[in-house]
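Colleague: This structure is in structure tokens; I'll ask about it shortly.
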Amino acid sequence: MIRSRSVTPHLFAQWGSIARRIRENKRVVMFLDFDGTLVRIAPLPESVRLEDGTRKVLKKLAAHRNVTLAVISGRQRAELQRFIGIRNMKYMGLYGWEVSGRERLPFPVRLALVRTLVGLLADLPAYPGVWIEPKRNSFSVHLKGARSDTQRKARRKVIKRVGSQGKTLQVMSNLRDVEIAPVSIGDKGLAVRKLLDGPALRGALPIYFGDDFSDESGFAAVRRGISVLVGKRRATRAQYCLRGPAEVTAALSRMEEMIR
């Protein structure tokens with residue numbers, strides 16, 4: 001169910017029922033987006049910093065035998081490992097598709113990515129403030145530095161360019177960027193469902209924190225659990241909301257105390 005921005009309650013205002021559900025479950029699975037959820041948005045992807053308090057509570061949660069902690073992001077898996085660097089966590093890059101770091105795309109898909117990237121490198125200089133971040137299995141068109149009208153035009157250009165690749169590539173529209181990725185990788189919701197379907201996690205309570213449009217499929221995938229929209233309120237499938245990464249850290253700390 002999609003909730004309007006005005007009716008999504010703040011997580012702490014409903015803490016009594018949240019705490020009861022966590023205490024009643026023997027196992028908890030926490031899915032955490034990275035940018036805008038665990039860390040504040042930075043001007044450049046490499047400029048983000050995981051706060052010491054957040055790292056501390058993640059380490060505590062990862063040490064619990066009855067907690068499975070997973071970071072799921074559009075970033076590459078290796079990046080997440082480098083920025084967080086905590087053992088006993090699952091690092092799920094490229095919207096959950098990269099789980100081992102050994103995933104490889106078929107040659108026709110890689111060729112379609114390269115052709116689209118080359119085309120957009122020629123198109124996008126006409127849009128001031130828009131720039132491309134190449135990745136191994138996808139690439140992002142960053143829009144944060146552009147004016148709102150320029151962002152809209154750039155999004156339309158990307159959609160048109162990717163449309164020429166048929167059913168091979170998809171456009172994943174986010175708040176601050178547009179991701180061009182293979183259709184075959186699915187989305188965060190697919191990755192969440194795959195993990196929850198594993199024998200060891202069946203019956204566990206899933207909790208999902210995310211801030212972006214790409215997290216909506218994750219919210220839907222944990223509808224029997226707890227889903228939390230982070231950041232500015234908007235229409236969402238999430239059941240609760242928090243204002244930003246600092247409140248995420250506070251919520252994780254409360255949950256860790258109950259589990260402990």
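Ordering of the structure tokens sets the chain letters (A, B, ...), residue numbers begin anew at 1 in every chain, and ligands are numbered from 1 in the order given.
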Please identify every residue of segment 13-116 of chain A that has at least one atom no farther than 7 Å from an atom of segment 224-245 of chain A, counting only C-alpha atoms, and for each give the shortest atom pair and the distance in Å to one decimal, arranged by chain then increasing number, as JSON lines.
Modeller:
{"residue": "A:Gly36", "atom": "CA", "partner": "A:Pro245", "partner_atom": "CA", "distance": 6.5}
{"residue": "A:Thr37", "atom": "CA", "partner": "A:Pro245", "partner_atom": "CA", "distance": 4.9}
{"residue": "A:Leu38", "atom": "CA", "partner": "A:Pro245", "partner_atom": "CA", "distance": 5.2}
{"residue": "A:Val39", "atom": "CA", "partner": "A:Pro245", "partner_atom": "CA", "distance": 5.8}
{"residue": "A:Arg40", "atom": "CA", "partner": "A:Pro245", "partner_atom": "CA", "distance": 6.3}
Colleague: If you run DSSP on the backbone here, which positions in segment 15-48 of chain A get helix (DSSP H, G or I)? Please write them as a ChimeraX atom specification.
Modeller: /A:15-24,45-47
Colleague: Please dump the current selection as a PDB file, in the first residue's frame; keep N, CA, C and O atoms.
Modeller:
ATOM      1  N   TRP A  15       7.031   3.519  18.823  1.00  0.00           N
ATOM      2  CA  TRP A  15       8.093   2.644  19.308  1.00  0.00           C
ATOM      3  C   TRP A  15       7.584   1.481  20.158  1.00  0.00           C
ATOM      4  O   TRP A  15       8.177   0.395  20.153  1.00  0.00           O
ATOM      5  N   GLY A  16       6.509   1.655  20.865  1.00  0.00           N
ATOM      6  CA  GLY A  16       5.998   0.567  21.696  1.00  0.00           C
ATOM      7  C   GLY A  16       5.676  -0.675  20.884  1.00  0.00           C
ATOM      8  O   GLY A  16       6.088  -1.793  21.236  1.00  0.00           O
ATOM      9  N   SER A  17       4.976  -0.509  19.768  1.00  0.00           N
ATOM     10  CA  SER A  17       4.619  -1.664  18.934  1.00  0.00           C
ATOM     11  C   SER A  17       5.845  -2.211  18.209  1.00  0.00           C
ATOM     12  O   SER A  17       5.974  -3.433  18.019  1.00  0.00           O
ATOM     13  N   ILE A  18       6.772  -1.328  17.823  1.00  0.00           N
ATOM     14  CA  ILE A  18       8.005  -1.774  17.171  1.00  0.00           C
ATOM     15  C   ILE A  18       8.807  -2.651  18.134  1.00  0.00           C
ATOM     16  O   ILE A  18       9.260  -3.742  17.781  1.00  0.00           O
ATOM     17  N   ALA A  19       8.978  -2.176  19.352  1.00  0.00           N
ATOM     18  CA  ALA A  19       9.755  -2.912  20.349  1.00  0.00           C
ATOM     19  C   ALA A  19       9.131  -4.276  20.631  1.00  0.00           C
ATOM     20  O   ALA A  19       9.835  -5.282  20.766  1.00  0.00           O
ATOM     21  N   ARG A  20       7.813  -4.316  20.716  1.00  0.00           N
ATOM     22  CA  ARG A  20       7.137  -5.582  20.994  1.00  0.00           C
ATOM     23  C   ARG A  20       7.391  -6.594  19.882  1.00  0.00           C
ATOM     24  O   ARG A  20       7.659  -7.776  20.157  1.00  0.00           O
ATOM     25  N   ARG A  21       7.342  -6.157  18.646  1.00  0.00           N
ATOM     26  CA  ARG A  21       7.551  -7.078  17.526  1.00  0.00           C
ATOM     27  C   ARG A  21       8.982  -7.610  17.513  1.00  0.00           C
ATOM     28  O   ARG A  21       9.208  -8.784  17.219  1.00  0.00           O
ATOM     29  N   ILE A  22       9.942  -6.761  17.818  1.00  0.00           N
ATOM     30  CA  ILE A  22      11.336  -7.207  17.830  1.00  0.00           C
ATOM     31  C   ILE A  22      11.562  -8.211  18.948  1.00  0.00           C
ATOM     32  O   ILE A  22      12.221  -9.244  18.767  1.00  0.00           O
ATOM     33  N   ARG A  23      10.990  -7.938  20.145  1.00  0.00           N
ATOM     34  CA  ARG A  23      11.170  -8.859  21.270  1.00  0.00           C
ATOM     35  C   ARG A  23      10.513 -10.214  21.025  1.00  0.00           C
ATOM     36  O   ARG A  23      10.971 -11.239  21.533  1.00  0.00           O
ATOM     37  N   GLU A  24       9.418 -10.225  20.266  1.00  0.00           N
ATOM     38  CA  GLU A  24       8.664 -11.464  20.042  1.00  0.00           C
ATOM     39  C   GLU A  24       9.303 -12.362  18.997  1.00  0.00           C
ATOM     40  O   GLU A  24       8.894 -13.520  18.848  1.00  0.00           O
ATOM     41  N   PRO A  45      30.329  10.946  -4.733  1.00  0.00           N
ATOM     42  CA  PRO A  45      30.184   9.624  -4.101  1.00  0.00           C
ATOM     43  C   PRO A  45      31.350   9.239  -3.201  1.00  0.00           C
ATOM     44  O   PRO A  45      31.156   8.566  -2.188  1.00  0.00           O
ATOM     45  N   GLU A  46      32.568   9.682  -3.543  1.00  0.00           N
ATOM     46  CA  GLU A  46      33.741   9.318  -2.749  1.00  0.00           C
ATOM     47  C   GLU A  46      33.874  10.139  -1.477  1.00  0.00           C
ATOM     48  O   GLU A  46      34.744   9.863  -0.651  1.00  0.00           O
ATOM     49  N   SER A  47      33.040  11.170  -1.314  1.00  0.00           N
ATOM     50  CA  SER A  47      33.180  12.081  -0.169  1.00  0.00           C
ATOM     51  C   SER A  47      32.373  11.669   1.049  1.00  0.00           C
ATOM     52  O   SER A  47      32.440  12.340   2.083  1.00  0.00           O
TER      53      SER A  47
END
Colleague: Enumerate, as an NGL selection string, the complete set of residues in segment 80-250 of chain A that a backbone-based DSSP assignment places in strand (DSSP E or B).
Modeller: :A and (90-93 or 98 or 131-134 or 139-142 or 169-173 or 177-182 or 205-210 or 226-230 or 236 or 240-242)
Colleague: Using only C-alpha atoms, which protein or nucleic acid residues come within 7 Å of Glu179 of chain A? Drop anything in the same chain fewer than 3 positions from it, and give the result as a list in words.
Modeller: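 After dropping sequence-adjacent residues, the list is Phe139, Ser140, Val141, Val171, Met172 and Ser173 of chain A.
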Colleague: Using only C-alpha atoms, determine which residues lie at most 7 Å from Leu50 of chain A, disregarding the query and same-chain residues fewer than 3 positions distant; provide the list as a PDB file with N, CA and C atoms, in the first residue's frame.
Modeller:
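Generated output (around23.pdb):
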ATOM      1  N   VAL A  39      24.648   7.078   5.693  1.00  0.00           N
ATOM      2  CA  VAL A  39      25.535   8.245   5.604  1.00  0.00           C
ATOM      3  C   VAL A  39      24.773   9.403   4.968  1.00  0.00           C
ATOM      4  N   THR A  54      27.659   5.464  14.159  1.00  0.00           N
ATOM      5  CA  THR A  54      26.958   4.507  13.301  1.00  0.00           C
ATOM      6  C   THR A  54      27.772   3.226  13.148  1.00  0.00           C
ATOM      7  N   ARG A  55      29.056   3.378  12.922  1.00  0.00           N
ATOM      8  CA  ARG A  55      29.927   2.205  12.797  1.00  0.00           C
ATOM      9  C   ARG A  55      29.894   1.358  14.073  1.00  0.00           C
ATOM     10  N   ILE A  84      32.521   0.735   4.797  1.00  0.00           N
ATOM     11  CA  ILE A  84      31.989   0.237   6.080  1.00  0.00           C
ATOM     12  C   ILE A  84      33.022  -0.636   6.792  1.00  0.00           C
TER      13      ILE A  84
END
Colleague: Which residues are near segment 92-102 of chain A? Cut-off 9 Å, only C-alpha atoms, ignore same chain within fewer than 3 positions. Put them as a PyMOL selection string.
Modeller: chain A and resi 70-80+137-138+181+185-192+214-215
